[in-house]
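Visitor: So here's coords_32.txt (compact mmCIF, C-alpha atoms).
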```
# COMPACT_ATOMS: atom_id res chain seq x y z
CA MET A 1 -58.88 -47.04 2.81
CA GLU A 2 -62.28 -45.37 2.68
CA LYS A 3 -63.21 -42.61 5.12
CA SER A 4 -66.48 -40.78 5.42
CA VAL A 5 -66.77 -37.03 5.91
CA ASN A 6 -69.85 -36.56 8.08
CA ALA A 7 -72.17 -33.74 9.04
CA ILE A 8 -71.14 -32.10 12.32
CA MET A 9 -74.39 -30.20 12.79
CA PRO A 10 -78.03 -30.74 11.97
CA GLY A 11 -79.13 -28.51 9.11
CA LEU A 12 -79.56 -28.33 5.36
CA CYS A 13 -76.80 -29.06 2.89
CA ALA A 14 -75.94 -25.69 1.34
CA ARG A 15 -73.56 -27.21 -1.18
CA VAL A 16 -70.90 -29.84 -1.80
CA VAL A 17 -67.77 -28.16 -3.12
CA VAL A 18 -65.93 -31.23 -4.39
CA LYS A 19 -66.76 -33.77 -7.08
CA GLU A 20 -65.93 -37.41 -7.54
CA GLY A 21 -62.31 -37.87 -8.59
CA ASP A 22 -61.08 -34.63 -6.98
CA LYS A 23 -57.83 -34.88 -5.05
CA ILE A 24 -58.20 -33.21 -1.65
CA SER A 25 -55.93 -32.34 1.26
CA LYS A 26 -56.43 -32.81 4.98
CA GLY A 27 -58.39 -29.86 6.35
CA GLN A 28 -59.88 -28.93 2.98
CA GLU A 29 -63.52 -27.89 2.82
CA VAL A 30 -65.66 -30.47 1.06
CA ALA A 31 -69.17 -29.23 1.86
CA VAL A 32 -71.16 -26.54 3.65
CA ILE A 33 -74.11 -26.93 6.02
CA ASN A 34 -76.66 -24.20 6.58
CA CYS A 35 -77.81 -23.93 10.20
CA MET A 36 -78.65 -21.00 12.52
CA LYS A 37 -78.74 -18.72 9.43
CA THR A 38 -75.02 -19.24 9.04
CA GLU A 39 -72.81 -21.46 6.90
CA ILE A 40 -70.76 -24.17 8.60
CA SER A 41 -67.77 -25.52 6.74
CA ILE A 42 -67.33 -29.30 6.63
CA THR A 43 -63.69 -30.28 6.20
CA SER A 44 -61.94 -33.56 5.53
CA GLU A 45 -59.77 -35.05 8.26
CA SER A 46 -57.74 -36.93 5.66
CA SER A 47 -56.03 -36.34 2.34
CA GLY A 48 -57.16 -38.49 -0.56
CA VAL A 49 -59.46 -38.71 -3.56
CA VAL A 50 -63.21 -38.15 -3.50
CA LYS A 51 -64.75 -41.55 -4.20
CA LYS A 52 -68.42 -40.71 -3.79
CA VAL A 53 -70.51 -37.63 -3.11
CA LEU A 54 -73.53 -38.64 -1.02
CA ALA A 55 -75.09 -35.29 -0.10
CA LYS A 56 -76.68 -32.72 -2.35
CA GLU A 57 -78.08 -29.21 -1.98
CA TRP A 58 -81.16 -28.98 0.32
CA ASP A 59 -80.59 -32.41 1.85
CA ASP A 60 -81.85 -32.57 5.42
CA LEU A 61 -78.88 -33.57 7.57
CA GLN A 62 -78.36 -34.82 11.10
CA VAL A 63 -75.10 -35.11 13.03
CA ASP A 64 -72.92 -37.94 11.68
CA ASP A 65 -74.80 -38.28 8.38
CA PRO A 66 -72.15 -39.15 5.75
CA MET A 67 -71.73 -36.44 3.09
CA VAL A 68 -68.64 -37.45 1.10
CA ILE A 69 -66.57 -40.67 0.89
CA ILE A 70 -62.80 -40.24 0.57
CA GLU A 71 -60.30 -42.87 -0.61
CA THR A 72 -57.46 -41.92 1.68
CA GLU A 73 -53.74 -42.06 1.01
CA GLU A 74 -53.03 -43.87 4.31
CA MET B 1 -56.26 -16.43 31.16
CA LEU B 2 -57.80 -18.70 28.55
CA LYS B 3 -56.05 -18.90 25.17
CA VAL B 4 -58.45 -19.93 22.42
CA ILE B 5 -57.12 -22.61 20.09
CA ASN B 6 -60.36 -23.19 18.19
CA GLY B 7 -63.42 -20.97 18.61
CA GLY B 8 -65.71 -23.79 17.46
CA ILE B 9 -68.97 -23.11 15.70
CA GLU B 10 -70.23 -20.33 17.97
CA THR B 11 -68.68 -19.67 21.38
CA LEU B 12 -69.79 -16.50 23.15
CA VAL B 13 -69.27 -14.73 26.45
CA GLU B 14 -72.71 -14.51 28.11
CA ASP B 15 -73.96 -13.63 31.56
CA TRP B 16 -77.47 -13.50 33.04
CA PRO B 17 -79.90 -11.73 32.94
CA GLY B 18 -78.01 -9.87 30.27
CA ARG B 19 -78.31 -6.22 29.26
CA LEU B 20 -81.54 -5.06 30.82
CA GLY B 21 -83.13 -1.65 30.42
CA TYR B 22 -82.40 -0.85 26.79
CA LEU B 23 -85.32 -2.38 24.88
CA GLY B 24 -86.56 1.15 24.22
CA LYS B 25 -83.29 1.88 22.45
CA GLY B 26 -83.73 -1.21 20.28
CA MET B 27 -81.22 -3.31 22.22
CA SER B 28 -82.21 -6.81 23.24
CA ALA B 29 -81.02 -8.20 26.57
CA SER B 30 -78.88 -11.01 25.09
CA GLY B 31 -77.54 -13.14 27.97
CA ALA B 32 -77.16 -16.89 28.31
CA PHE B 33 -79.63 -18.74 26.10
CA ASP B 34 -79.81 -21.48 28.75
CA ASN B 35 -79.56 -19.50 31.96
CA VAL B 36 -80.11 -22.61 34.07
CA SER B 37 -77.04 -24.44 32.77
CA LEU B 38 -74.91 -21.29 33.07
CA GLY B 39 -76.32 -20.73 36.56
CA PHE B 40 -75.44 -24.21 37.80
CA ALA B 41 -71.96 -24.01 36.24
CA ASN B 42 -71.35 -20.77 38.11
CA VAL B 43 -72.67 -22.10 41.42
CA LEU B 44 -70.35 -25.10 41.09
CA VAL B 45 -67.27 -22.88 40.85
CA GLY B 46 -68.33 -20.51 43.64
CA ASN B 47 -69.57 -17.68 41.42
CA PRO B 48 -72.89 -15.82 41.61
CA SER B 49 -75.25 -17.67 39.22
CA GLY B 50 -75.33 -14.84 36.66
CA LYS B 51 -71.57 -14.40 36.30
CA ALA B 52 -70.21 -14.34 32.75
CA GLY B 53 -69.20 -17.71 31.31
CA LEU B 54 -68.76 -19.24 27.88
CA GLU B 55 -71.76 -20.42 25.87
CA ILE B 56 -70.58 -23.08 23.43
CA THR B 57 -73.05 -23.75 20.63
CA GLY B 58 -72.55 -26.63 18.23
CA GLY B 59 -69.22 -27.67 19.75
CA PHE B 60 -65.54 -27.84 18.72
CA PHE B 61 -64.32 -25.14 21.14
CA GLU B 62 -60.74 -25.68 22.31
CA ALA B 63 -58.60 -23.57 24.64
CA GLU B 64 -55.54 -23.64 26.89
CA PHE B 65 -55.54 -22.48 30.51
CA SER B 66 -52.68 -20.12 31.38
CA ASP B 67 -53.20 -20.47 35.12
CA THR B 68 -54.46 -22.95 37.69
CA THR B 69 -58.19 -22.49 38.23
CA VAL B 70 -61.48 -24.32 38.84
CA ILE B 71 -64.05 -24.92 36.12
CA ALA B 72 -67.43 -26.59 35.57
CA VAL B 73 -69.09 -27.75 32.36
CA THR B 74 -72.87 -28.02 32.05
CA GLY B 75 -75.53 -28.10 29.32
CA THR B 76 -75.44 -30.60 26.47
CA ASP B 77 -72.79 -33.30 26.59
CA MET B 78 -70.19 -32.39 23.95
CA LYS B 79 -67.74 -34.98 25.29
CA ALA B 80 -65.56 -32.26 26.76
CA SER B 81 -62.09 -33.32 27.84
CA ILE B 82 -59.01 -31.98 29.62
CA ASN B 83 -55.82 -33.16 27.92
CA GLY B 84 -57.88 -35.95 26.35
CA GLU B 85 -59.39 -37.16 29.63
CA PRO B 86 -63.21 -36.92 29.76
CA ILE B 87 -64.68 -34.24 32.04
CA VAL B 88 -67.44 -35.22 34.46
CA MET B 89 -70.16 -32.70 33.74
CA TRP B 90 -72.20 -30.83 36.39
CA GLU B 91 -69.26 -31.03 38.83
CA SER B 92 -66.37 -28.65 39.48
CA LEU B 93 -62.77 -29.63 38.80
CA GLN B 94 -59.37 -28.03 39.09
CA VAL B 95 -57.31 -27.43 35.96
CA GLU B 96 -53.64 -26.55 35.80
CA LYS B 97 -51.56 -24.15 33.76
CA GLY B 98 -51.11 -25.58 30.26
CA ASP B 99 -54.16 -27.85 30.42
CA ILE B 100 -56.20 -27.97 27.24
CA ILE B 101 -59.98 -28.17 27.28
CA LYS B 102 -61.63 -29.51 24.15
CA PHE B 103 -65.27 -29.91 23.21
CA PHE B 104 -66.52 -32.32 20.54
CA GLN B 105 -69.84 -32.12 18.69
CA ILE B 106 -73.33 -31.75 20.15
CA GLY B 107 -74.77 -34.58 22.19
CA ALA B 108 -77.92 -36.63 21.63
CA VAL B 109 -79.91 -34.08 23.63
CA GLY B 110 -79.34 -30.35 23.93
CA PHE B 111 -77.49 -27.83 21.80
CA ARG B 112 -75.41 -25.61 24.08
CA SER B 113 -72.69 -26.30 26.65
CA TYR B 114 -71.57 -23.83 29.30
CA LEU B 115 -68.11 -23.39 30.74
CA ALA B 116 -67.83 -21.47 33.99
CA VAL B 117 -64.50 -20.50 35.52
CA ALA B 118 -63.97 -19.53 39.17
CA GLY B 119 -64.04 -15.73 39.19
CA GLY B 120 -65.96 -15.58 35.90
CA ILE B 121 -64.96 -14.53 32.41
CA ASP B 122 -63.56 -11.03 32.74
CA VAL B 123 -64.43 -8.90 29.73
CA PRO B 124 -65.43 -5.22 30.00
CA ALA B 125 -69.09 -4.75 30.85
CA TYR B 126 -70.99 -2.82 28.17
CA LEU B 127 -74.14 -1.05 29.35
CA GLY B 128 -74.17 -3.15 32.49
CA SER B 129 -73.59 -6.59 30.99
CA LYS B 130 -70.76 -8.76 29.70
CA SER B 131 -73.09 -10.58 27.29
CA THR B 132 -72.44 -10.72 23.58
CA CYS B 133 -75.14 -9.54 21.18
CA VAL B 134 -74.19 -11.35 17.99
CA PHE B 135 -76.23 -9.44 15.43
CA GLY B 136 -75.46 -6.10 17.12
CA SER B 137 -71.72 -6.85 17.37
CA TYR B 138 -71.45 -5.44 20.88
CA GLY B 139 -70.69 -6.74 24.37
CA GLY B 140 -68.77 -9.88 25.27
CA PHE B 141 -65.32 -10.26 23.75
CA ASN B 142 -64.99 -7.51 21.13
CA GLY B 143 -68.67 -7.95 20.25
CA ARG B 144 -68.14 -11.26 18.48
CA LYS B 145 -67.82 -15.01 18.83
CA LEU B 146 -64.44 -16.31 19.96
CA GLU B 147 -61.70 -17.12 17.46
CA ALA B 148 -58.35 -18.88 17.53
CA GLY B 149 -55.74 -16.64 19.14
CA ASP B 150 -58.14 -14.77 21.45
CA GLU B 151 -56.89 -14.38 25.01
CA ILE B 152 -59.73 -14.25 27.55
CA GLN B 153 -59.13 -12.85 31.03
CA ILE B 154 -60.50 -14.58 34.12
CA GLY B 155 -61.69 -12.83 37.31
CA GLU B 156 -60.73 -13.41 40.93
CA PRO B 157 -62.17 -16.62 42.45
CA LYS B 158 -64.25 -16.52 45.65
CA GLY B 159 -62.55 -19.25 47.65
CA SER B 160 -59.61 -21.62 47.54
CA PHE B 161 -59.20 -23.94 44.57
CA SER B 162 -59.16 -26.98 46.85
CA GLU B 163 -62.59 -26.05 48.26
CA LEU B 164 -64.14 -24.98 44.97
CA SER B 165 -62.99 -28.06 43.07
CA ARG B 166 -65.03 -30.48 45.19
CA ASN B 167 -68.50 -29.23 44.30
CA ARG B 168 -71.26 -31.29 42.78
CA LEU B 169 -75.02 -30.93 42.61
CA LYS B 170 -77.61 -32.67 44.76
CA GLU B 171 -79.39 -35.61 43.21
CA GLY B 172 -82.36 -34.61 41.07
CA VAL B 173 -81.22 -31.03 40.54
CA VAL B 174 -79.74 -31.35 37.04
CA PRO B 175 -82.41 -30.28 34.53
CA GLU B 176 -83.88 -32.91 32.24
CA PHE B 177 -82.82 -32.70 28.61
CA THR B 178 -84.89 -34.11 25.76
CA ASN B 179 -85.52 -33.91 22.01
CA ALA B 180 -89.19 -32.98 22.58
CA TRP B 181 -89.41 -29.74 24.57
CA GLU B 182 -92.63 -28.72 26.31
CA LEU B 183 -92.81 -24.98 26.93
CA ARG B 184 -95.28 -23.53 29.40
CA ALA B 185 -96.81 -20.34 28.03
CA ILE B 186 -99.33 -17.60 28.78
CA VAL B 187 -101.59 -16.30 26.00
CA GLY B 188 -101.44 -12.77 24.69
CA PRO B 189 -101.41 -10.05 23.64
CA ASN B 190 -102.82 -10.75 20.13
CA THR B 191 -105.08 -13.75 20.43
CA SER B 192 -108.66 -14.99 20.05
CA PRO B 193 -111.14 -13.70 19.07
CA ASP B 194 -109.67 -10.55 17.45
CA TYR B 195 -106.57 -11.99 15.80
CA VAL B 196 -106.59 -15.78 16.16
CA SER B 197 -109.50 -18.17 15.57
CA GLN B 198 -110.51 -20.57 18.32
CA LYS B 199 -109.36 -23.34 16.01
CA GLY B 200 -106.02 -21.53 15.76
CA MET B 201 -105.64 -21.30 19.54
CA ASP B 202 -106.42 -25.01 19.88
CA TYR B 203 -103.81 -25.72 17.21
CA LEU B 204 -101.24 -23.54 18.97
CA PHE B 205 -101.49 -25.56 22.18
CA SER B 206 -101.75 -29.00 20.63
CA HIS B 207 -99.38 -29.04 17.67
CA THR B 208 -95.85 -30.41 18.03
CA SER B 209 -93.54 -28.44 15.79
CA LYS B 210 -90.04 -29.19 14.53
CA ILE B 211 -87.51 -26.43 15.22
CA GLN B 212 -86.45 -25.02 11.86
CA HIS B 213 -82.81 -24.98 10.77
CA THR B 214 -82.89 -21.18 10.53
CA SER B 215 -83.21 -20.83 14.32
CA ASN B 216 -80.52 -18.88 16.18
CA ARG B 217 -80.00 -16.60 19.17
CA SER B 218 -82.38 -14.02 17.73
CA ALA B 219 -85.28 -16.23 16.80
CA TYR B 220 -86.44 -19.83 16.95
CA ARG B 221 -88.60 -20.61 13.95
CA LEU B 222 -91.29 -23.28 14.05
CA GLU B 223 -93.46 -25.00 11.42
CA GLU B 224 -95.83 -22.88 9.35
CA LEU B 225 -99.34 -22.34 10.65
CA PRO B 226 -102.44 -23.25 8.63
CA ASN B 227 -104.48 -20.30 7.27
CA SER B 228 -107.32 -21.34 9.60
CA PHE B 229 -105.15 -20.09 12.46
CA PHE B 230 -106.10 -16.50 11.72
CA ALA B 231 -109.37 -14.82 12.68
CA ARG B 232 -108.91 -12.11 10.04
CA THR B 233 -108.43 -12.21 6.29
CA ASP B 234 -105.93 -9.35 6.31
CA GLY B 235 -104.09 -7.07 8.72
CA GLY B 236 -106.32 -4.03 8.18
CA VAL B 237 -104.28 -0.84 8.43
CA GLY B 238 -101.31 -2.95 9.58
CA GLY B 239 -100.80 -4.65 6.23
CA SER B 240 -102.16 -7.17 3.76
CA HIS B 241 -101.41 -10.36 5.73
CA PRO B 242 -103.55 -11.23 8.77
CA SER B 243 -100.37 -11.47 10.88
CA ASN B 244 -99.70 -7.75 10.25
CA ILE B 245 -100.56 -5.19 12.89
CA ILE B 246 -99.42 -1.63 13.48
CA ASP B 247 -95.84 -1.65 14.78
CA HIS B 248 -95.60 -2.29 18.50
CA ALA B 249 -93.04 -3.29 21.13
CA TYR B 250 -92.31 -7.00 21.42
CA ALA B 251 -92.30 -8.62 24.86
CA ILE B 252 -88.94 -10.34 24.43
CA ARG B 253 -87.62 -12.66 25.50
CA GLY B 254 -89.99 -15.53 24.92
CA THR B 255 -92.81 -14.00 22.94
CA LEU B 256 -94.24 -15.98 19.99
CA ASN B 257 -94.24 -13.67 17.01
CA ILE B 258 -96.37 -14.63 14.01
CA CYS B 259 -94.59 -13.46 10.88
CA GLY B 260 -96.74 -14.36 7.90
CA ASN B 261 -97.64 -17.98 8.63
CA THR B 262 -94.37 -18.63 10.50
CA PRO B 263 -94.41 -18.72 14.30
CA ILE B 264 -91.15 -17.36 15.67
CA LEU B 265 -90.03 -17.38 19.28
CA LEU B 266 -88.13 -14.14 19.87
CA VAL B 267 -85.33 -14.89 22.26
CA ALA B 268 -81.95 -13.67 23.58
CA ASP B 269 -80.88 -11.35 20.75
CA GLY B 270 -84.37 -10.91 19.31
CA PRO B 271 -85.86 -7.74 17.82
CA THR B 272 -87.51 -5.31 20.22
CA LEU B 273 -90.39 -4.15 18.01
CA GLY B 274 -92.13 -4.79 14.73
CA GLY B 275 -95.40 -5.09 12.89
CA TYR B 276 -96.41 -8.70 13.52
CA MET B 277 -98.81 -10.11 16.06
CA CYS B 278 -97.61 -11.95 19.17
CA THR B 279 -99.83 -14.69 20.53
CA LEU B 280 -98.18 -16.14 23.59
CA GLN B 281 -95.34 -15.72 26.04
CA VAL B 282 -93.12 -18.61 27.20
CA ILE B 283 -92.75 -18.39 30.97
CA ASN B 284 -89.38 -17.23 32.25
CA ALA B 285 -88.63 -20.53 34.00
CA ASP B 286 -88.86 -22.41 30.67
CA LEU B 287 -86.76 -20.07 28.52
CA TRP B 288 -83.67 -22.24 29.08
CA LYS B 289 -85.37 -25.05 27.18
CA VAL B 290 -85.52 -22.92 24.03
CA GLY B 291 -81.74 -22.49 24.16
CA GLN B 292 -81.26 -26.26 24.34
CA GLY B 293 -83.65 -26.97 21.46
CA THR B 294 -81.61 -28.25 18.55
CA PRO B 295 -82.52 -26.74 15.16
CA ASN B 296 -83.61 -29.21 12.46
CA ARG B 297 -83.80 -32.05 15.01
CA ASP B 298 -85.83 -31.31 18.15
CA THR B 299 -89.49 -30.42 18.54
CA MET B 300 -91.38 -27.91 20.67
CA LYS B 301 -94.90 -27.92 22.00
CA PHE B 302 -96.67 -25.26 24.07
CA ARG B 303 -98.66 -26.00 27.20
CA LEU B 304 -101.10 -23.44 28.58
CA SER B 305 -99.84 -22.00 31.84
CA SER B 306 -101.00 -19.29 34.24
CA GLN B 307 -99.40 -16.23 35.77
CA GLU B 308 -99.44 -17.95 39.17
CA GLU B 309 -97.70 -21.05 37.82
CA ALA B 310 -95.16 -18.87 36.00
CA THR B 311 -94.38 -16.89 39.15
CA GLN B 312 -94.00 -19.97 41.33
CA ALA B 313 -91.84 -21.73 38.72
CA ARG B 314 -89.54 -18.71 38.52
CA ILE B 315 -89.22 -18.49 42.32
CA LYS B 316 -88.44 -22.22 42.50
CA GLN B 317 -85.86 -21.97 39.73
CA ASN B 318 -84.12 -18.97 41.29
CA LYS B 319 -83.84 -20.87 44.59
CA LEU B 320 -82.27 -23.81 42.78
CA LEU B 321 -79.60 -21.63 41.20
CA SER B 322 -77.78 -21.16 44.49
CA LYS B 323 -75.45 -22.92 46.90
CA ASN B 324 -78.54 -24.73 48.23
CA SER B 325 -78.24 -27.06 45.25
CA LEU B 326 -74.73 -28.20 46.11
CA ALA B 327 -74.41 -31.69 47.61
```
Any chance you could give the structure as structure tokens?
Guide:
Amino acid sequence: MEKSVNAIMPGLCARVVVKEGDKISKGQEVAVINCMKTEISITSESSGVVKKVLAKEWDDLQVDDPMVIIETEE
Amino acid sequence: MLKVINGGIETLVEDWPGRLGYLGKGMSASGAFDNVSLGFANVLVGNPSGKAGLEITGGFFEAEFSDTTVIAVTGTDMKASINGEPIVMWESLQVEKGDIIKFFQIGAVGFRSYLAVAGGIDVPAYLGSKSTCVFGSYGGFNGRKLEAGDEIQIGEPKGSFSELSRNRLKEGVVPEFTNAWELRAIVGPNTSPDYVSQKGMDYLFSHTSKIQHTSNRSAYRLEELPNSFFARTDGGVGGSHPSNIIDHAYAIRGTLNICGNTPILLVADGPTLGGYMCTLQVINADLWKVGQGTPNRDTMKFRLSSQEEATQARIKQNKLLSKNSLA
């Protein structure tokens, strides 16, 4: 089952810290958003494998914009 | 007591009007970024409007109540809930020992939610205020944003829970939230013709600017100004850029500082002095709007105001932040 990890704040994508094919755990950081001169960690709510990375550095993000697609283990 | 389960993105103890009287020592006033939402939340739970509450920025704050009390949630709608049941905002409600309050992400309009508790948030006052200054790491709860495991004391309520938990606001009192904020402002001190061209002044009061993602409790950054904004080609003895002037005190909060070509609203935790020109002052009654402006999403536009309008607006707002607004 596919699940999307979305932006939780408006801001710029500072970085995506996973790549396609990576196995990740629930709660693991997958990306970082830069807003308010601080870095906000974006974590996955599910364990699984990174199927697609949609965001890249400097992308302009709004709340709920998808950043990474996970193929979950559920 | 309030036991923090998740501090969220940035949750701070703030009161109003903050830490006044120390600008000369380099200390900004801090205080609630949206004093109107904090004020109404306090009025709803029977507190004076400036009592310390929690300012929740960006969302995801979660905490457990250790005692029965009365609360109110105002500001942006972060889909706050008690034990999973949605909270009706802008009304008071009683919570019981063991109840868990949880905030989700920011709403479609606004950026900050406020949680007031009957009796107020009880942290030690520092230099006359319970407000947190984030960049200075003083005031509030240990001078920082809240984290999981923090235990926050609550003061003594002014009234019985049964009375306090039935409060709501009169119709038409709740402030209007938007994604396009209009801020009333007075010009000065560094304006046309000495520092800003007439074309620049026209631009200042006609341009709609997106709030930059770098905006925070110290400064709200707007879109870069065109070079035609400036009346000078350099800053003379102040520096090489026309925005430079000899260091002077900044009229925070609410002054528009021009740093290079970037206009920056200096707000709650803003710097108290510096070497850049300041071209306008947002009126006190509209400062709350800055705190609800969402970085990288919302826009701001200035509208020329007058001292008389500013005074009357402030008087009207202060009257609203009282029991007179309760239904």
Visitor: Expressed in Å to a single decimal, how great is the separation between atom CA of Gly143 of chain B and atom CA of Gly155 of chain B?
Guide: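 Separation of atom CA of Gly143 of chain B and atom CA of Gly155 of chain B: 19.1 Å.
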Visitor: Quick one: residues within 9 Å of segment 36-51 of chain A, only C-alpha atoms, excluding same-chain residues fewer than 5 positions away - as a PyMOL selection string?
Guide: (chain A and resi 2-9+11+14+18-31+68-74) or (chain B and resi 9+212-217+295)
Visitor: Between atom CA of Leu12 of chain A and atom CA of Asn244 of chain B, what is the distance in Å, rounded to a tenth?
Guide: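 Distance between the two atoms: 29.2 Å.
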Visitor: Given all atoms listed in the file as the basis, pick out the residue of B:Pro271, B:Gly139, B:Gly50, B:Gly58 nearest to Ala251 of chain B.
Guide: B:Pro271
Visitor: Leaving out Met89 of chain B and any residue of its chain fewer than 6 positions from it, which residues lie within 7 Å of it when counting only C-alpha atoms, given as a list in words?
Guide: Ala72, Val73 and Thr74 of chain B
Visitor: Which residue is closest to chain B? Choose from A:Val17, A:Leu54, A:Met1, A:Asp64 and count all atoms listed in the file.
Guide: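 For chain B, the nearest of the given residues is A:Asp64.
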Visitor: To one decimal place, how far is atom CA of Asp202 of chain B from atom CA of Asp234 of chain B in Å?
Guide: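 Between these atoms lies a distance of 20.7 Å.
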Visitor: Which is closer to chain A than all the others in B:Ile211, B:Leu164, B:Ala32, B:Leu115, using all atoms listed in the file?
Guide: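 Result for the nearest residue to chain A: B:Ile211.
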Visitor: Select, from B:Val123, B:Leu304, B:Leu321, B:Ile315, the residue with the minimum atom-to-atom distance to Leu38 of chain B, counting only C-alpha atoms.
Guide: B:Leu321
Visitor: Could you list, as number ranges by chain, every residue within 6 Å of segment 17-21 of chain B, counting all atoms listed in the file and ignoring same-chain residues fewer than 3 positions away?
Guide: B: 29-31, 129, 131
Visitor: Using all atoms listed in the file, find each residue of chain B with at least one atom at most 12 Å away from an atom of chain A; report its shortest atom-to-atom pair and that distance in Å (one decimal), sort the rows by chain and rising residue number, and return the result as JSON lines.
Guide:
```
{"residue": "B:Gly8", "atom": "CA", "partner": "A:Ile40", "partner_atom": "CA", "distance": 10.2}
{"residue": "B:Ile9", "atom": "CA", "partner": "A:Ile40", "partner_atom": "CA", "distance": 7.4}
{"residue": "B:Glu10", "atom": "CA", "partner": "A:Met36", "partner_atom": "CA", "distance": 10.1}
{"residue": "B:Thr57", "atom": "CA", "partner": "A:Met36", "partner_atom": "CA", "distance": 10.2}
{"residue": "B:Gly58", "atom": "CA", "partner": "A:Met9", "partner_atom": "CA", "distance": 6.8}
{"residue": "B:Gly59", "atom": "CA", "partner": "A:Ile8", "partner_atom": "CA", "distance": 8.9}
{"residue": "B:Phe60", "atom": "CA", "partner": "A:Ile8", "partner_atom": "CA", "distance": 9.5}
{"residue": "B:Met78", "atom": "CA", "partner": "A:Ile8", "partner_atom": "CA", "distance": 11.7}
{"residue": "B:Phe104", "atom": "CA", "partner": "A:Ile8", "partner_atom": "CA", "distance": 9.4}
{"residue": "B:Gln105", "atom": "CA", "partner": "A:Ile8", "partner_atom": "CA", "distance": 6.5}
{"residue": "B:Ile106", "atom": "CA", "partner": "A:Met9", "partner_atom": "CA", "distance": 7.6}
{"residue": "B:Gly107", "atom": "CA", "partner": "A:Val63", "partner_atom": "CA", "distance": 9.2}
{"residue": "B:Ala108", "atom": "CA", "partner": "A:Val63", "partner_atom": "CA", "distance": 9.2}
{"residue": "B:Val109", "atom": "CA", "partner": "A:Val63", "partner_atom": "CA", "distance": 11.7}
{"residue": "B:Phe111", "atom": "CA", "partner": "A:Met9", "partner_atom": "CA", "distance": 9.8}
{"residue": "B:Val134", "atom": "CA", "partner": "A:Met36", "partner_atom": "CA", "distance": 12.0}
{"residue": "B:Phe135", "atom": "CA", "partner": "A:Lys37", "partner_atom": "CA", "distance": 11.3}
{"residue": "B:Ile211", "atom": "CA", "partner": "A:Gly11", "partner_atom": "CA", "distance": 10.6}
{"residue": "B:Gln212", "atom": "CA", "partner": "A:Gly11", "partner_atom": "CA", "distance": 8.6}
{"residue": "B:His213", "atom": "CA", "partner": "A:Cys35", "partner_atom": "CA", "distance": 5.1}
{"residue": "B:Thr214", "atom": "CA", "partner": "A:Met36", "partner_atom": "CA", "distance": 4.7}
{"residue": "B:Ser215", "atom": "CA", "partner": "A:Met36", "partner_atom": "CA", "distance": 4.9}
{"residue": "B:Asn216", "atom": "CA", "partner": "A:Met36", "partner_atom": "CA", "distance": 4.6}
{"residue": "B:Arg217", "atom": "CA", "partner": "A:Met36", "partner_atom": "CA", "distance": 8.1}
{"residue": "B:Ser218", "atom": "CA", "partner": "A:Met36", "partner_atom": "CA", "distance": 9.5}
{"residue": "B:Ala219", "atom": "CA", "partner": "A:Met36", "partner_atom": "CA", "distance": 9.2}
{"residue": "B:Tyr220", "atom": "CA", "partner": "A:Met36", "partner_atom": "CA", "distance": 9.0}
{"residue": "B:Arg221", "atom": "CA", "partner": "A:Met36", "partner_atom": "CA", "distance": 10.1}
{"residue": "B:Gly293", "atom": "CA", "partner": "A:Pro10", "partner_atom": "CA", "distance": 11.7}
{"residue": "B:Thr294", "atom": "CA", "partner": "A:Pro10", "partner_atom": "CA", "distance": 7.9}
{"residue": "B:Pro295", "atom": "CA", "partner": "A:Pro10", "partner_atom": "CA", "distance": 6.8}
{"residue": "B:Asn296", "atom": "CA", "partner": "A:Gly11", "partner_atom": "CA", "distance": 5.6}
{"residue": "B:Arg297", "atom": "CA", "partner": "A:Pro10", "partner_atom": "CA", "distance": 6.7}
{"residue": "B:Asp298", "atom": "CA", "partner": "A:Pro10", "partner_atom": "CA", "distance": 10.0}
```
